[in-house]
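Asks: First the structure, then my questions, so here it is.
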Amino acid sequence: MERKEPKLVNEFVFDFLRETELLQPFLEHQIVNFWTEVVGKYATKYSDDLKVKQGVLHVRITNSALKNEIFNMRYELVKKLNDKVGCKVINDIRLL
């Protein structure tokens with residue numbers, strides 16, 4: 001009997017999510033969860049209704065000055081959010 005290399009628990013979970021086609025929804029949920037960590041508490045206070053659809057993070061911003069600032073930084077925020085998750089999940093941020 002041949003022995004296999006031991007796998008970490010997170011590898012089993014990742015494989016399970018991929019096989020059951022739950023990986024993409026899980027990663028999208030992680031993007032939403034990391035929003036506060038990436039933009040900070042002040043921006044989160046004015047953020048609402050975050051959701052990912054077809055690779056685009058949709059965010060409602062209630063402060064117009066903040067909305068403009070996030071719009072100008074959106075590609076940097078996309079990169080930071082994808083880096084937090086560990087793979088490319090979103091391509092853009094759409095502000096509502």
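Residue names in the structure tokens use chain letters A, B, ... in the order shown, residue numbers from 1 in each chain, and ligand numbers from 1 in the order shown.
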Would you mind listing what lies within 9 Å of segment 83-92 of chain A as a ChimeraX atom specification, with only C-alpha atoms counted and same-chain residues fewer than 3 positions away left out?
Replies: /A:24,27-28,30-31,34,38,52-58,74-75,77-80
Asks: Which of chain A end up as alpha helix (DSSP H) when DSSP is run on this backbone - answer as an MDAnalysis selection string?
Replies: chainID A and resid 9:19 23:39 41:45 64:85
Asks: Restrict the selected residues to C-alpha atoms and save them as a CSV table (one decimal), in the first residue's frame.
Replies:
chain,number,residue,atom,x,y,z
A,9,VAL,CA,-7.5,20.5,6.5
A,10,ASN,CA,-7.9,23.7,4.4
A,11,GLU,CA,-6.9,21.7,1.3
A,12,PHE,CA,-9.7,19.3,1.9
A,13,VAL,CA,-12.2,22.2,2.4
A,14,PHE,CA,-10.9,23.9,-0.8
A,15,ASP,CA,-11.2,20.7,-2.8
A,16,PHE,CA,-14.7,20.1,-1.4
A,17,LEU,CA,-15.8,23.6,-2.3
A,18,ARG,CA,-14.4,23.3,-5.8
A,19,GLU,CA,-16.1,19.9,-6.4
A,23,LEU,CA,-16.0,27.9,-4.4
A,24,GLN,CA,-17.0,31.0,-6.4
A,25,PRO,CA,-19.9,31.9,-4.0
A,26,PHE,CA,-17.5,31.4,-1.1
A,27,LEU,CA,-14.8,33.6,-2.6
A,28,GLU,CA,-17.4,36.3,-3.4
A,29,HIS,CA,-18.6,36.2,0.2
A,30,GLN,CA,-15.0,36.6,1.4
A,31,ILE,CA,-14.6,39.7,-0.8
A,32,VAL,CA,-17.6,41.3,0.9
A,33,ASN,CA,-16.2,40.3,4.3
A,34,PHE,CA,-12.8,41.9,3.6
A,35,TRP,CA,-14.4,45.2,2.5
A,36,THR,CA,-14.1,46.8,6.0
A,37,GLU,CA,-10.5,45.6,6.4
A,38,VAL,CA,-9.5,47.1,3.1
A,39,VAL,CA,-11.4,50.4,3.1
A,41,LYS,CA,-14.3,51.7,9.3
A,42,TYR,CA,-15.1,55.2,8.2
A,43,ALA,CA,-15.8,54.1,4.6
A,44,THR,CA,-17.7,51.1,5.8
A,45,LYS,CA,-19.9,53.4,7.8
A,64,SER,CA,-20.8,61.7,-2.2
A,65,ALA,CA,-17.2,62.8,-1.3
A,66,LEU,CA,-16.3,59.3,-0.2
A,67,LYS,CA,-18.0,57.9,-3.3
A,68,ASN,CA,-15.7,60.1,-5.5
A,69,GLU,CA,-12.6,59.0,-3.6
A,70,ILE,CA,-13.5,55.3,-3.8
A,71,PHE,CA,-14.3,55.7,-7.5
A,72,ASN,CA,-10.8,57.1,-8.1
A,73,MET,CA,-9.2,54.3,-6.1
A,74,ARG,CA,-11.4,51.4,-7.3
A,75,TYR,CA,-8.7,49.5,-9.3
A,76,GLU,CA,-6.3,49.7,-6.3
A,77,LEU,CA,-9.2,48.4,-4.1
A,78,VAL,CA,-9.9,45.6,-6.6
A,79,LYS,CA,-6.3,44.5,-6.4
A,80,LYS,CA,-6.2,44.6,-2.6
A,81,LEU,CA,-9.4,42.7,-2.2
A,82,ASN,CA,-8.3,40.0,-4.7
A,83,ASP,CA,-5.0,39.8,-2.9
A,84,LYS,CA,-6.8,39.3,0.4
A,85,VAL,CA,-8.8,36.4,-1.0
Asks: Quick one, how far is atom CA of Ile61 of chain A from atom CA of Gly40 of chain A?
Replies: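 Straight-line distance from atom CA of Ile61 of chain A to atom CA of Gly40 of chain A works out to 13.6 Å.
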Asks: Step one, run DSSP on the backbone; step two, keep only residues of chain A assigned to strand (DSSP E); then write them as a compact mmCIF listing (two decimals) with C-alpha atoms, in the first residue's frame.
Replies:
# COMPACT_ATOMS: atom_id res chain seq x y z
CA SER A 47 -21.19 51.60 2.59
CA ASP A 48 -24.28 49.49 2.16
CA ASP A 49 -25.71 46.68 0.06
CA LEU A 50 -22.44 45.00 -0.98
CA LYS A 51 -22.78 42.16 -3.46
CA VAL A 52 -20.73 40.54 -6.20
CA LYS A 53 -22.33 39.88 -9.58
CA VAL A 56 -18.14 43.15 -10.25
CA LEU A 57 -18.48 44.29 -6.64
CA HIS A 58 -21.56 46.52 -6.32
CA VAL A 59 -21.46 48.94 -3.37
CA ARG A 60 -23.91 51.64 -2.35
CA ILE A 61 -22.03 54.66 -0.93
CA ASP A 92 -14.20 46.12 -11.04
CA ILE A 93 -16.17 47.99 -8.40
CA ARG A 94 -19.45 49.64 -9.35
CA LEU A 95 -20.66 52.38 -7.02
